[in-house]
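Colleague: Just dropping this structure here.
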Amino acid sequence: MTNTVFYQIDIRNISMTIDLRQIRQFVAVAEELSFRNAAIRLNMSQPPLSTAIRLLEQELGETLLDRNSRSVRLTQVGEVFLREARRTLAQAEHAINLARRTGDGIVGSLRITFVASAALGILPQLVRRFRNQHPEAAISLDSDTTGSQIAALRHGRSDIALVVVPLQDRSGIELIPFRQERMMLAVPHDHWLAKHETVEIGRLTEETFVTFPFSEGPGFESQFLSACQRAGFSPTIRQEVSQMLTKIMLVATGVGIALVPAAFSSVPMPDVVFLPILEHGKPLVYDMAFAMPERHDNPLVKRFLETAAAFALPKAE
């Protein structure tokens, strides 16, 4: 009875000077079963190819090819080595492609933070399009106040943030303008303004407001305060809260009125009426921008900004 010897070779664990070029040369000879044809396929002359295969066999300490003046055939070891060589070349090609795609910002991971109003506005459409364009990219999303978003960028916990500007401190932060969005005025349903279609900010001089802490929402609050100052008054602030929905809930309880992003007017809230707020007849707006560290090495940030450009608006319409 003939004894059959089974060989298993994992060439990834071979410690020697074999390189991918030698493996490709062997595969060409093994597939062509002709040094002449393999040399033509590799665009090289035949003697160096024969030398390369001989050196490969010396490194392995095994005969891979039986050859004579008339024919070339694989040995049993050669058949096993051919199978593993093809796998190695395929894996190397995959690694090269993956590295190039990562460098081009096609794959990888992207951590995005955003202000809560963006979740009710354009951000879902933007992220959906980006996912379709980069299906291999891992994307994480989290909502937070502008102040906390900037802290996350500075401490490396986020790659890019959609924030309301201006910022209190933008040192080390790059800003890319994105959109202007409208503000709305939230009032209790029984407030004297509730039956109006719009309201001029100058009519709010005697009102009491619910606002954000300036440290958490400096962009939104600074634009609100600036508009009040331009209208000739300083607002009376009853309470500060760090969440927009809490702000609206306090309006419902009658604590005061509040300026909120227009996106929140789509959130059903009993006992609250949302009114367009105007400044000299024009919508009162706030500015949004993408923020990122001035020094960042994630190519997906650039790709995301390229996608976002299609959603950018110079001003609210």
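We name chains A, B, ... following the order of the structure tokens; residues begin at 1 in each chain, and ligands are numbered from 1 as shown.
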Name all residues at most 10 Å from A:Tyr286 (count only C-alpha atoms; drop same-chain ones fewer than 6 positions away) and give them as a list in words.

Modeller: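 So, after excluding close chain neighbours, the residues are Val164, Val165, Pro166, Arg179, Gln180, Glu181, Arg182, Met183, Gly219, Phe220, Glu221, Ser222, Gln223, Phe224, Pro261, Lys315 and Ala316 of chain A.
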
Colleague: Can you tell me which residues surround A:Leu82 at a distance of at most 8 Å, considering only C-alpha atoms, apart from same-chain residues fewer than 6 positions away, and format the answer as a list in words?

Modeller: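 Contacts, with the query itself left out: Phe26, Val27 and Ala30 of chain A.
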
Colleague: Given the selection you just returned, output its residues as a file containing C-alpha atoms, formatted as an mmCIF file, in the first residue's frame.

Modeller:
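After the write, selection_15.cif holds the following:
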```cif
data_model
loop_
_atom_site.group_PDB
_atom_site.id
_atom_site.type_symbol
_atom_site.label_atom_id
_atom_site.label_comp_id
_atom_site.auth_asym_id
_atom_site.auth_seq_id
_atom_site.Cartn_x
_atom_site.Cartn_y
_atom_site.Cartn_z
ATOM 1 C CA PHE A 26 6.884 30.821 -8.671
ATOM 2 C CA VAL A 27 3.132 31.137 -9.233
ATOM 3 C CA ALA A 30 3.557 26.793 -11.639
#
```

Colleague: Which residues come within 10 Å of A:Thr75, counting only C-alpha atoms, excluding same-chain residues fewer than 5 positions away, as a PDB file with N, CA and C atoms, in the first residue's frame?

Modeller:
```pdb
ATOM      1  N   GLU A  62      13.136  22.531   0.001  1.00  0.00           N
ATOM      2  CA  GLU A  62      12.224  21.578  -0.645  1.00  0.00           C
ATOM      3  C   GLU A  62      12.255  21.786  -2.154  1.00  0.00           C
ATOM      4  N   THR A  63      12.001  20.706  -2.892  1.00  0.00           N
ATOM      5  CA  THR A  63      11.874  20.806  -4.335  1.00  0.00           C
ATOM      6  C   THR A  63      10.424  21.104  -4.684  1.00  0.00           C
ATOM      7  N   LEU A  64      10.199  22.199  -5.404  1.00  0.00           N
ATOM      8  CA  LEU A  64       8.857  22.613  -5.771  1.00  0.00           C
ATOM      9  C   LEU A  64       8.474  22.167  -7.177  1.00  0.00           C
ATOM     10  N   LEU A  65       9.471  22.055  -8.049  1.00  0.00           N
ATOM     11  CA  LEU A  65       9.213  21.741  -9.454  1.00  0.00           C
ATOM     12  C   LEU A  65      10.145  20.630  -9.916  1.00  0.00           C
ATOM     13  N   ASP A  66       9.557  19.640 -10.574  1.00  0.00           N
ATOM     14  CA  ASP A  66      10.374  18.664 -11.293  1.00  0.00           C
ATOM     15  C   ASP A  66      10.485  19.155 -12.726  1.00  0.00           C
ATOM     16  N   ARG A  67      11.705  19.378 -13.204  1.00  0.00           N
ATOM     17  CA  ARG A  67      11.841  19.896 -14.571  1.00  0.00           C
ATOM     18  C   ARG A  67      12.972  19.150 -15.269  1.00  0.00           C
ATOM     19  N   VAL A  80       1.155  22.186  -2.773  1.00  0.00           N
ATOM     20  CA  VAL A  80       0.739  22.830  -1.524  1.00  0.00           C
ATOM     21  C   VAL A  80       1.240  24.272  -1.476  1.00  0.00           C
ATOM     22  N   PHE A  81       2.487  24.467  -1.875  1.00  0.00           N
ATOM     23  CA  PHE A  81       3.061  25.815  -1.830  1.00  0.00           C
ATOM     24  C   PHE A  81       2.336  26.749  -2.800  1.00  0.00           C
TER      25      PHE A  81
END
```

Colleague: Could you pull the residues within 9 Å of stretch 139-146 of chain A, counting only C-alpha atoms, minus those fewer than 3 positions along the same chain, as a PyMOL selection string?

Modeller: chain A and resi 108-116+118-119+127+131+149-151+161-165+167+215-219+242-243

Colleague: DSSP on the backbone: which residues in stretch 6-242 of chain A end up as strand (DSSP E)? Give the answer as a PyMOL selection string.

Modeller: chain A and resi 65-67+72-74+108-114+137-143+160-165+173-188+199-200+208-211+236-240

Colleague: Restricting it to C-alpha atoms, dump the selection as a CSV table (one decimal), in the first residue's frame.

Modeller:
```csv
chain,number,residue,atom,x,y,z
A,65,LEU,CA,9.2,21.7,-9.5
A,66,ASP,CA,10.4,18.7,-11.3
A,67,ARG,CA,11.8,19.9,-14.6
A,72,VAL,CA,8.0,21.1,-15.9
A,73,ARG,CA,5.6,19.7,-13.3
A,74,LEU,CA,4.8,20.5,-9.7
A,108,GLY,CA,-11.8,53.8,8.4
A,109,SER,CA,-13.8,55.3,11.3
A,110,LEU,CA,-15.3,58.8,11.8
A,111,ARG,CA,-16.6,60.1,15.2
A,112,ILE,CA,-19.2,62.9,14.7
A,113,THR,CA,-20.8,65.0,17.3
A,114,PHE,CA,-23.6,67.5,16.8
A,137,ALA,CA,-16.5,53.5,6.9
A,138,ALA,CA,-17.6,53.0,10.6
A,139,ILE,CA,-19.5,56.1,11.7
A,140,SER,CA,-20.3,57.0,15.3
A,141,LEU,CA,-22.7,59.8,16.2
A,142,ASP,CA,-23.4,61.6,19.5
A,143,SER,CA,-25.3,64.7,20.4
A,160,ILE,CA,-15.5,66.5,13.7
A,161,ALA,CA,-18.4,68.4,15.3
A,162,LEU,CA,-21.4,70.3,14.0
A,163,VAL,CA,-21.5,73.4,16.3
A,164,VAL,CA,-23.2,76.7,16.6
A,165,VAL,CA,-20.8,79.6,16.3
A,173,ILE,CA,-9.9,74.5,16.3
A,174,GLU,CA,-10.5,74.9,12.6
A,175,LEU,CA,-14.0,76.0,11.6
A,176,ILE,CA,-15.7,75.4,8.2
A,177,PRO,CA,-18.9,77.5,7.8
A,178,PHE,CA,-21.9,75.2,7.0
A,179,ARG,CA,-25.4,76.8,7.2
A,180,GLN,CA,-27.6,79.4,8.7
A,181,GLU,CA,-30.7,78.3,10.4
A,182,ARG,CA,-33.7,80.2,11.6
A,183,MET,CA,-34.6,80.8,15.3
A,184,MET,CA,-38.1,80.5,16.6
A,185,LEU,CA,-39.8,81.9,19.6
A,186,ALA,CA,-41.4,79.4,22.0
A,187,VAL,CA,-44.2,80.8,24.1
A,188,PRO,CA,-46.9,79.2,26.3
A,199,VAL,CA,-43.1,88.6,16.3
A,200,GLU,CA,-40.4,91.3,16.1
A,208,THR,CA,-38.7,86.8,30.9
A,209,PHE,CA,-36.5,84.2,29.1
A,210,VAL,CA,-35.3,80.6,29.6
A,211,THR,CA,-31.8,80.3,28.1
A,236,THR,CA,-34.4,89.2,31.7
A,237,ILE,CA,-33.3,85.6,32.3
A,238,ARG,CA,-35.4,83.5,34.7
A,239,GLN,CA,-33.6,80.2,34.4
A,240,GLU,CA,-30.7,78.5,32.5
```

Colleague: When you look at stretch 42-53 of chain A with a cut-off of 8 Å (counting only C-alpha atoms), what residues show up, excluding the ones that are within fewer than 2 positions of it in the same chain? I need them as a ChimeraX atom specification.

Modeller: /A:22,25-26,28,35-36,38-40,55-57

Colleague: I'd like the interatomic distance between atom CA of A:Pro270 and atom CA of A:Lys247, to a tenth of an Å.

Modeller: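 Taking atom CA of A:Pro270 and atom CA of A:Lys247, their separation equals 13.6 Å.
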
Colleague: If you run DSSP over the backbone, which residues in stretch 186-268 of chain A end up helix (DSSP H, G or I)? Put them as a PyMOL selection string.

Modeller: chain A and resi 201-204+218-230+244-252+262-266

Colleague: Pick the closest to A:Leu123 from A:Glu59, A:Val285, A:Ala310, A:Ile18: which is it, counting only C-alpha atoms?

Modeller: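 With only C-alpha atoms as the atom set, the closest residue is A:Ala310.
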
Colleague: Using only C-alpha atoms, find the one residue out of A:Gly254, A:Leu245, A:Lys282, A:Phe212 that sits nearest to A:Pro268.

Modeller: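 Among the listed residues, the smallest separation from A:Pro268 belongs to A:Leu245.
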